[in-house]
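*Asks:* Sharing structure23.cif below, mmCIF, C-alpha atoms:
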data_final
#
loop_
_atom_site.label_atom_id
_atom_site.label_comp_id
_atom_site.auth_asym_id
_atom_site.auth_seq_id
_atom_site.Cartn_x
_atom_site.Cartn_y
_atom_site.Cartn_z
CA MET B 1 134.19 32.22 -17.18
CA ARG B 2 136.98 33.38 -19.47
CA LEU B 3 136.37 32.79 -23.19
CA ASN B 4 139.29 32.30 -25.62
CA ASN B 5 141.57 33.67 -22.89
CA LYS B 6 140.31 37.17 -23.76
CA GLU B 7 137.12 38.23 -22.00
CA ASP B 8 135.42 37.28 -18.76
CA TYR B 9 131.71 36.46 -18.79
CA LYS B 10 129.21 35.92 -15.99
CA VAL B 11 126.79 33.01 -16.37
CA THR B 12 123.29 34.44 -15.96
CA ALA B 13 121.13 31.51 -17.08
CA VAL B 14 121.29 27.78 -17.76
CA LEU B 15 119.14 26.20 -20.48
CA GLU B 16 117.74 22.72 -20.78
CA ASP B 17 119.37 20.50 -23.41
CA ILE B 18 118.35 21.44 -26.94
CA PRO B 19 116.21 18.66 -28.52
CA PRO B 20 118.35 16.52 -30.85
CA ASN B 21 115.98 17.09 -33.78
CA SER B 22 116.22 20.87 -33.58
CA SER B 23 117.80 22.71 -36.52
CA ILE B 24 119.05 25.39 -34.10
CA SER B 25 121.77 24.10 -31.77
CA PHE B 26 124.47 25.81 -29.71
CA ASP B 27 126.77 25.26 -26.75
CA PHE B 28 126.31 28.70 -25.20
CA LEU B 29 124.88 32.14 -25.99
CA LEU B 30 126.72 35.47 -25.80
CA PRO B 31 125.53 39.08 -26.17
CA PHE B 32 125.49 40.07 -29.84
CA GLY B 33 127.17 43.40 -29.08
CA ASN B 34 130.43 41.63 -28.23
CA PHE B 35 130.41 39.83 -31.58
CA LEU B 36 129.63 43.08 -33.39
CA ARG B 37 132.65 44.85 -31.87
CA GLU B 38 135.04 42.13 -33.08
CA ASN B 39 133.65 41.79 -36.62
CA GLU B 40 133.79 44.98 -38.64
CA TRP B 41 132.19 43.33 -41.68
CA LEU B 42 128.85 43.26 -39.87
CA ASN B 43 128.55 47.01 -40.40
CA HIS B 44 128.46 46.64 -44.19
CA TRP B 45 125.06 46.30 -45.87
CA GLY B 46 126.44 43.93 -48.52
CA ASN B 47 126.61 40.89 -46.21
CA ASN B 48 123.81 38.50 -45.35
CA GLY B 49 125.81 35.98 -43.36
CA LEU B 50 123.62 36.11 -40.26
CA GLN B 51 120.11 34.90 -39.61
CA THR B 52 117.78 37.39 -37.92
CA PHE B 53 114.92 36.10 -35.80
CA ILE B 54 111.92 38.34 -35.19
CA LYS B 55 109.11 37.79 -32.71
CA LEU B 56 105.90 39.47 -33.81
CA ARG B 57 103.37 40.90 -31.39
CA PRO B 58 100.22 38.83 -30.80
CA GLY B 59 97.81 39.47 -33.65
CA ALA B 60 100.43 41.10 -35.89
CA SER B 61 100.25 40.35 -39.60
CA GLY B 62 103.32 38.77 -41.16
CA GLU B 63 102.26 40.02 -44.60
CA ALA B 64 102.02 43.60 -43.33
CA VAL B 65 105.51 43.38 -41.81
CA ASN B 66 106.83 41.90 -45.08
CA ARG B 67 105.55 44.89 -47.02
CA LYS B 68 107.26 47.31 -44.62
CA ILE B 69 110.68 45.62 -44.59
CA ALA B 70 110.86 44.52 -48.25
CA ASN B 71 113.01 47.49 -49.40
CA TYR B 72 114.82 48.07 -46.10
CA ILE B 73 118.22 47.00 -47.51
CA LYS B 74 117.78 49.02 -50.72
CA LYS B 75 117.19 52.17 -48.68
CA ASN B 76 120.56 51.72 -46.98
CA ASN B 77 122.49 50.28 -49.94
CA ASN B 78 121.73 51.69 -53.37
CA ASP B 79 123.76 48.97 -55.11
CA SER B 80 121.71 46.14 -53.62
CA ASN B 81 118.72 44.49 -55.27
CA ALA B 82 117.95 42.24 -52.29
CA GLU B 83 114.48 42.21 -50.73
CA LEU B 84 113.74 41.07 -47.20
CA VAL B 85 110.99 38.55 -46.52
CA LEU B 86 109.85 36.90 -43.31
CA GLN B 87 109.60 33.14 -43.06
CA PRO B 88 107.80 31.24 -40.29
CA LEU B 89 110.22 29.42 -38.01
CA THR B 90 108.35 26.14 -38.59
CA ASP B 91 109.08 26.37 -42.35
CA ILE B 92 112.85 26.94 -42.18
CA ARG B 93 113.79 23.26 -42.22
CA LEU B 94 111.68 22.05 -45.15
CA TYR B 95 110.82 25.23 -47.10
CA SER B 96 114.12 27.09 -47.38
CA GLU B 97 114.31 27.94 -51.10
CA TYR B 98 112.98 31.30 -52.27
CA LYS B 99 112.80 32.91 -55.70
CA ASP B 100 111.58 36.47 -56.28
CA GLY B 101 110.34 36.59 -52.70
CA LYS B 102 108.21 33.46 -53.07
CA ASN B 103 108.86 30.02 -51.64
CA VAL B 104 109.68 27.45 -54.32
CA GLY B 105 110.36 24.44 -52.10
CA GLY B 106 113.39 23.09 -50.31
CA ARG B 107 113.99 19.86 -48.41
CA ILE B 108 110.29 19.09 -48.71
CA SER B 109 111.09 17.86 -52.24
CA TYR B 110 113.14 15.01 -50.74
CA VAL B 111 110.34 14.18 -48.32
CA ARG B 112 107.86 13.96 -51.21
CA LEU B 113 110.31 11.89 -53.26
CA PHE B 114 110.82 9.39 -50.45
CA ALA B 115 107.04 9.26 -49.92
CA VAL B 116 106.52 8.36 -53.59
CA VAL B 117 109.19 5.65 -53.35
CA ALA B 118 107.50 4.31 -50.21
CA LEU B 119 104.14 4.19 -52.04
CA PHE B 120 105.73 2.25 -54.89
CA ILE B 121 107.19 -0.28 -52.46
CA LEU B 122 103.87 -0.55 -50.62
CA ALA B 123 102.06 -1.10 -53.94
CA ILE B 124 104.49 -3.89 -54.84
CA ALA B 125 103.92 -5.53 -51.45
CA CYS B 126 100.11 -5.30 -51.81
CA ILE B 127 100.19 -6.79 -55.32
CA ASN B 128 102.46 -9.58 -54.11
CA PHE B 129 100.03 -10.35 -51.25
CA MET B 130 97.12 -10.47 -53.73
CA ASN B 131 98.97 -12.85 -56.04
CA LEU B 132 100.02 -15.17 -53.21
CA SER B 133 96.51 -15.19 -51.74
CA THR B 134 94.83 -16.04 -55.04
CA ALA B 135 97.52 -18.62 -55.84
CA ARG B 136 96.58 -20.43 -52.62
CA SER B 137 92.89 -20.32 -53.57
CA GLU B 138 92.70 -24.09 -54.11
CA LYS B 139 93.69 -24.77 -50.51
CA ARG B 140 90.92 -22.52 -49.23
CA SER B 141 88.27 -23.37 -51.81
CA LYS B 142 86.91 -26.30 -49.78
CA GLU B 143 86.68 -24.06 -46.70
CA VAL B 144 84.62 -21.56 -48.72
CA GLY B 145 82.43 -24.34 -50.16
CA VAL B 146 81.69 -25.90 -46.76
CA ARG B 147 80.93 -22.54 -45.16
CA LYS B 148 78.57 -21.59 -47.99
CA VAL B 149 76.77 -24.93 -47.67
CA MET B 150 76.44 -24.26 -43.92
CA GLY B 151 74.69 -20.96 -44.75
CA ALA B 152 77.48 -18.38 -44.87
CA VAL B 153 76.65 -15.56 -47.26
CA ARG B 154 79.23 -13.90 -49.50
CA GLY B 155 79.32 -10.70 -47.46
CA LEU B 156 80.31 -12.62 -44.35
CA LEU B 157 83.14 -14.35 -46.24
CA ILE B 158 84.37 -11.03 -47.62
CA ARG B 159 84.52 -9.58 -44.10
CA GLN B 160 86.40 -12.66 -42.91
CA PHE B 161 89.09 -12.41 -45.59
CA LEU B 162 89.39 -8.65 -45.16
CA GLY B 163 89.76 -9.20 -41.41
CA GLU B 164 92.58 -11.68 -42.03
CA SER B 165 94.30 -9.17 -44.31
CA LEU B 166 93.92 -6.39 -41.71
CA LEU B 167 95.36 -8.69 -39.04
CA MET B 168 98.38 -9.37 -41.26
CA SER B 169 98.76 -5.62 -41.82
CA VAL B 170 98.67 -4.92 -38.05
CA LEU B 171 101.29 -7.59 -37.38
CA ALA B 172 103.45 -6.12 -40.17
CA LEU B 173 103.12 -2.65 -38.59
CA PHE B 174 104.40 -3.81 -35.20
CA LEU B 175 107.20 -5.80 -36.84
CA ALA B 176 108.18 -2.69 -38.82
CA LEU B 177 108.20 -0.53 -35.67
CA VAL B 178 110.43 -3.04 -33.90
CA LEU B 179 112.84 -3.17 -36.85
CA VAL B 180 112.95 0.63 -37.10
CA SER B 181 113.65 0.96 -33.37
CA VAL B 182 116.52 -1.54 -33.61
CA VAL B 183 118.05 -0.14 -36.82
CA MET B 184 117.54 3.59 -36.12
CA PRO B 185 120.67 4.08 -33.92
CA PHE B 186 122.91 2.44 -36.54
CA PHE B 187 121.33 4.50 -39.33
CA ASN B 188 121.80 7.74 -37.35
CA GLU B 189 125.46 6.89 -36.78
CA ILE B 190 126.07 6.22 -40.48
CA ALA B 191 124.03 9.17 -41.78
CA GLY B 192 125.12 11.62 -39.08
CA LYS B 193 121.48 12.29 -38.16
CA LYS B 194 119.48 12.20 -34.95
CA LEU B 195 116.16 10.83 -36.12
CA VAL B 196 113.82 9.69 -33.36
CA LEU B 197 110.40 8.06 -33.15
CA ASN B 198 108.05 10.03 -30.91
CA TRP B 199 105.98 7.26 -29.34
CA LEU B 200 103.77 9.78 -27.54
CA ASP B 201 102.73 11.69 -30.66
CA GLY B 202 99.06 10.95 -31.34
CA GLU B 203 99.31 12.14 -34.95
CA HIS B 204 101.93 9.49 -35.67
CA TRP B 205 99.70 6.72 -34.35
CA LEU B 206 96.72 8.04 -36.33
CA LEU B 207 98.88 8.05 -39.47
CA PHE B 208 100.12 4.51 -38.72
CA ALA B 209 96.53 3.35 -38.21
CA ALA B 210 95.36 4.95 -41.46
CA ILE B 211 98.20 3.39 -43.47
CA THR B 212 97.60 0.00 -41.83
CA VAL B 213 93.86 0.00 -42.59
CA PHE B 214 94.40 1.26 -46.14
CA THR B 215 97.06 -1.39 -46.81
CA GLY B 216 94.98 -4.19 -45.29
CA VAL B 217 91.86 -3.29 -47.26
CA LEU B 218 93.77 -2.72 -50.51
CA ALA B 219 95.78 -5.94 -50.28
CA GLY B 220 92.82 -8.04 -49.15
CA SER B 221 90.12 -6.63 -51.41
CA TYR B 222 90.72 -8.73 -54.51
CA PRO B 223 91.47 -12.01 -52.67
CA ALA B 224 88.28 -11.50 -50.61
CA LEU B 225 86.15 -10.93 -53.69
CA PHE B 226 87.86 -13.76 -55.56
CA LEU B 227 87.62 -16.42 -52.83
CA SER B 228 84.11 -15.51 -51.73
CA GLY B 229 82.83 -15.92 -55.29
CA PHE B 230 83.48 -19.68 -55.50
CA ASN B 231 80.49 -21.87 -56.37
CA PRO B 232 80.03 -24.36 -53.47
CA VAL B 233 78.78 -27.17 -55.72
CA GLN B 234 81.82 -26.93 -58.04
CA VAL B 235 84.16 -26.64 -55.07
CA LEU B 236 82.86 -29.77 -53.36
CA LYS B 237 83.00 -31.65 -56.67
CA GLY B 238 86.58 -30.52 -57.13
CA THR B 239 85.84 -28.76 -60.43
CA VAL B 240 86.70 -25.18 -59.53
CA LYS B 241 87.50 -23.15 -62.62
CA THR B 242 88.98 -19.69 -62.76
CA GLY B 243 87.33 -17.32 -65.19
CA LYS B 244 89.20 -15.55 -67.96
CA ALA B 245 88.59 -12.16 -66.32
CA ALA B 246 90.24 -13.35 -63.09
CA VAL B 247 93.21 -14.74 -65.00
CA ARG B 248 93.65 -11.50 -66.93
CA PHE B 249 93.41 -9.45 -63.74
CA ARG B 250 96.12 -11.53 -62.07
CA GLN B 251 98.27 -11.10 -65.18
CA VAL B 252 97.78 -7.34 -64.89
CA LEU B 253 98.84 -7.53 -61.24
CA VAL B 254 102.00 -9.46 -62.10
CA VAL B 255 102.89 -7.04 -64.91
CA GLY B 256 102.24 -4.08 -62.59
CA GLN B 257 104.45 -5.60 -59.91
CA PHE B 258 107.31 -6.07 -62.37
CA PHE B 259 106.74 -2.56 -63.77
CA PHE B 260 107.06 -0.88 -60.35
CA SER B 261 110.07 -3.04 -59.46
CA ILE B 262 111.89 -2.23 -62.71
CA LEU B 263 111.03 1.47 -62.27
CA LEU B 264 112.61 1.51 -58.79
CA ILE B 265 115.68 -0.38 -60.03
CA ILE B 266 116.17 2.10 -62.90
CA ALA B 267 115.75 5.07 -60.51
CA THR B 268 118.27 3.54 -58.11
CA ILE B 269 120.82 3.08 -60.91
CA ILE B 270 120.34 6.69 -62.05
CA VAL B 271 120.80 8.06 -58.53
CA PHE B 272 123.88 5.85 -58.05
CA GLN B 273 125.40 7.20 -61.29
CA GLN B 274 124.66 10.79 -60.23
CA ILE B 275 126.35 10.28 -56.87
CA ASN B 276 129.40 8.78 -58.57
CA TYR B 277 129.51 11.74 -60.96
CA LEU B 278 129.39 14.21 -58.08
CA ARG B 279 132.17 12.35 -56.28
CA ASN B 280 134.46 12.13 -59.30
CA ARG B 281 133.69 15.23 -61.39
CA PRO B 282 136.56 17.72 -61.97
CA LEU B 283 136.61 20.32 -59.20
CA GLY B 284 138.50 22.97 -61.12
CA TYR B 285 141.68 22.47 -59.10
CA ASP B 286 144.00 19.61 -58.17
CA LYS B 287 143.11 18.60 -54.61
CA ASP B 288 146.03 16.17 -54.24
CA ASN B 289 148.81 17.41 -51.94
CA LEU B 290 146.87 20.62 -51.34
CA MET B 291 146.72 22.01 -47.80
CA MET B 292 144.55 24.87 -46.55
CA VAL B 293 145.32 26.88 -43.39
CA TYR B 294 143.03 29.59 -42.05
CA ILE B 295 144.63 33.00 -41.50
CA GLN B 296 144.62 33.86 -37.81
CA GLY B 297 145.83 36.75 -35.70
CA ASN B 298 148.25 39.05 -37.60
CA MET B 299 149.20 36.44 -40.23
CA HIS B 300 147.56 38.61 -42.90
CA ASP B 301 149.98 41.48 -42.27
CA SER B 302 152.98 39.13 -42.40
CA TYR B 303 151.78 37.12 -45.38
CA GLU B 304 154.75 37.86 -47.67
CA SER B 305 157.26 36.76 -45.01
CA ILE B 306 155.24 33.62 -44.28
CA LYS B 307 155.08 32.84 -48.00
CA ARG B 308 158.86 33.15 -48.42
CA ASP B 309 159.47 30.89 -45.41
CA LEU B 310 157.03 28.27 -46.68
CA LEU B 311 158.57 28.22 -50.17
CA GLN B 312 161.93 27.43 -48.59
CA VAL B 313 160.47 24.33 -46.92
CA GLY B 314 161.25 21.17 -48.85
CA GLY B 315 158.24 19.82 -50.71
CA VAL B 316 156.34 23.13 -50.95
CA SER B 317 155.89 24.08 -54.61
CA SER B 318 153.62 27.14 -54.35
CA VAL B 319 151.76 29.31 -51.85
CA THR B 320 148.79 31.64 -52.30
CA LYS B 321 146.02 33.20 -50.27
CA SER B 322 142.30 33.62 -50.89
CA SER B 323 139.57 35.74 -49.40
CA GLN B 324 137.33 32.68 -49.21
CA SER B 325 137.67 28.96 -48.73
CA VAL B 326 138.09 26.98 -51.95
CA PHE B 327 135.14 24.83 -50.83
CA GLU B 328 132.62 27.60 -50.29
CA VAL B 329 132.30 31.32 -50.95
CA GLY B 330 130.33 32.16 -47.84
CA SER B 331 126.99 33.96 -47.80
CA ASN B 332 127.55 37.27 -49.56
CA THR B 333 127.37 38.91 -52.96
CA GLY B 334 131.03 39.93 -53.16
CA ASP B 335 133.76 38.48 -55.35
CA VAL B 336 136.49 36.03 -54.36
CA HIS B 337 140.04 37.41 -54.33
#
Would you write out, as structure tokens, the structure that this file holds?
*Replies:*
Amino acid sequence: MRLNNKEDYKVTAVLEDIPPNSSISFDFLLPFGNFLRENEWLNHWGNNGLQTFIKLRPGASGEAVNRKIANYIKKNNNDSNAELVLQPLTDIRLYSEYKDGKNVGGRISYVRLFAVVALFILAIACINFMNLSTARSEKRSKEVGVRKVMGAVRGLLIRQFLGESLLMSVLALFLALVLVSVVMPFFNEIAGKKLVLNWLDGEHWLLFAAITVFTGVLAGSYPALFLSGFNPVQVLKGTVKTGKAAVRFRQVLVVGQFFFSILLIIATIIVFQQINYLRNRPLGYDKDNLMMVYIQGNMHDSYESIKRDLLQVGGVSSVTKSSQSVFEVGSNTGDVH
């Protein structure tokens, strides 16, 4: 195959498709030596624009290798203060931020943030279920009274109500999985992601089961204790009275529900304002009517002639060149010219 109408290559291997959730993707692989010959900047120790992957021998210590390579750049470049450090391949996606050779986080911060938001939403749902269940207590009070008269003990009633709550939680889980499966393709298209649900991953199902049981028990605990505590004589006489402690607890639940809801609304407004600020903040240059063209071939040597020709074109007010894109300065420690 001829690449870029310059060099001929022989195909020596064919790979399976890269998984869509991989952070390393490519169309084809070429020998690094060819790239090195065409890019002189790779020979300078001041650049760090390439990732280097290292496979350690079985049993080798990553910490020992780190100690040996830490000052490798300094030995070859006296002006550099950079230190090399190895990072496990499995940590690149979520733990990519380093300071003084130590990991200080990365995308994992977003994962934790979304997890906290999810817990808030789940707490609101559980509190809402508790309030609705206790509000319907009068409709189920006669059922409790009759069952107690027939010999049902409180523990049996508690297990019944907890079982009903767990059943609701299981149904909610399957409904959520169906909704996620339907909405996921549209979300990926909007967000430009390729998120997938791995239905064969046992850890996912264990996590789903743990969340389902925890939610069912948490949401059904108070209604189970509340409903199972009814006095059968008062229930059958129609004189069921709710104690002050129960009333106060439900008031606490309602206040807590509103508190979490208001907290999420405030956080959403703050994030929305931050996004608007990032979209509209001054960039340091006027982006209207500005065009950027990458220098290719021998355009650099003929820049002055190209500039004169462009200035003679109607509508062109000024022309300049830059060593870097105005949107990013690349991955190096040099200045922009």
*Asks:* Taking (143.9, 28.2, -46.8) in the file's own coordinates, collect the residues within 9 Å, counting only C-alpha atoms, and hand them back as an NGL selection string.
*Replies:* :B and (291-295 or 320-322 or 324-326)
*Asks:* Tell me which of B:Gln274, B:Ser318, B:Asn34, B:Asn131 sits closest to Tyr222 of chain B, counting all atoms listed in the file.
*Replies:* B:Asn131
*Asks:* Skip segment 110-125 of chain B itself and residues of its chain fewer than 6 positions away, then list as a list in words all residues within 9 Å of it, counting all atoms listed in the file.
*Replies:*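 Returned residues: Leu94, Thr215, Ala219, Gly256, Gln257, Phe258, Phe260, Ser261 and Leu264 of chain B.
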*Asks:* Expand the PyMOL selection byres ((chain B and resi 84-92) around 7) into the explicit residue set it covers here, and present it as an MDAnalysis selection string.
*Replies:* chainID B and resid 66 69:71 82:83 93:96 101
*Asks:* Can you tell me how far atom CA of Ala224 of chain B sits from atom CA of Leu166 of chain B, in Å to one decimal?
*Replies:* 11.7 Å
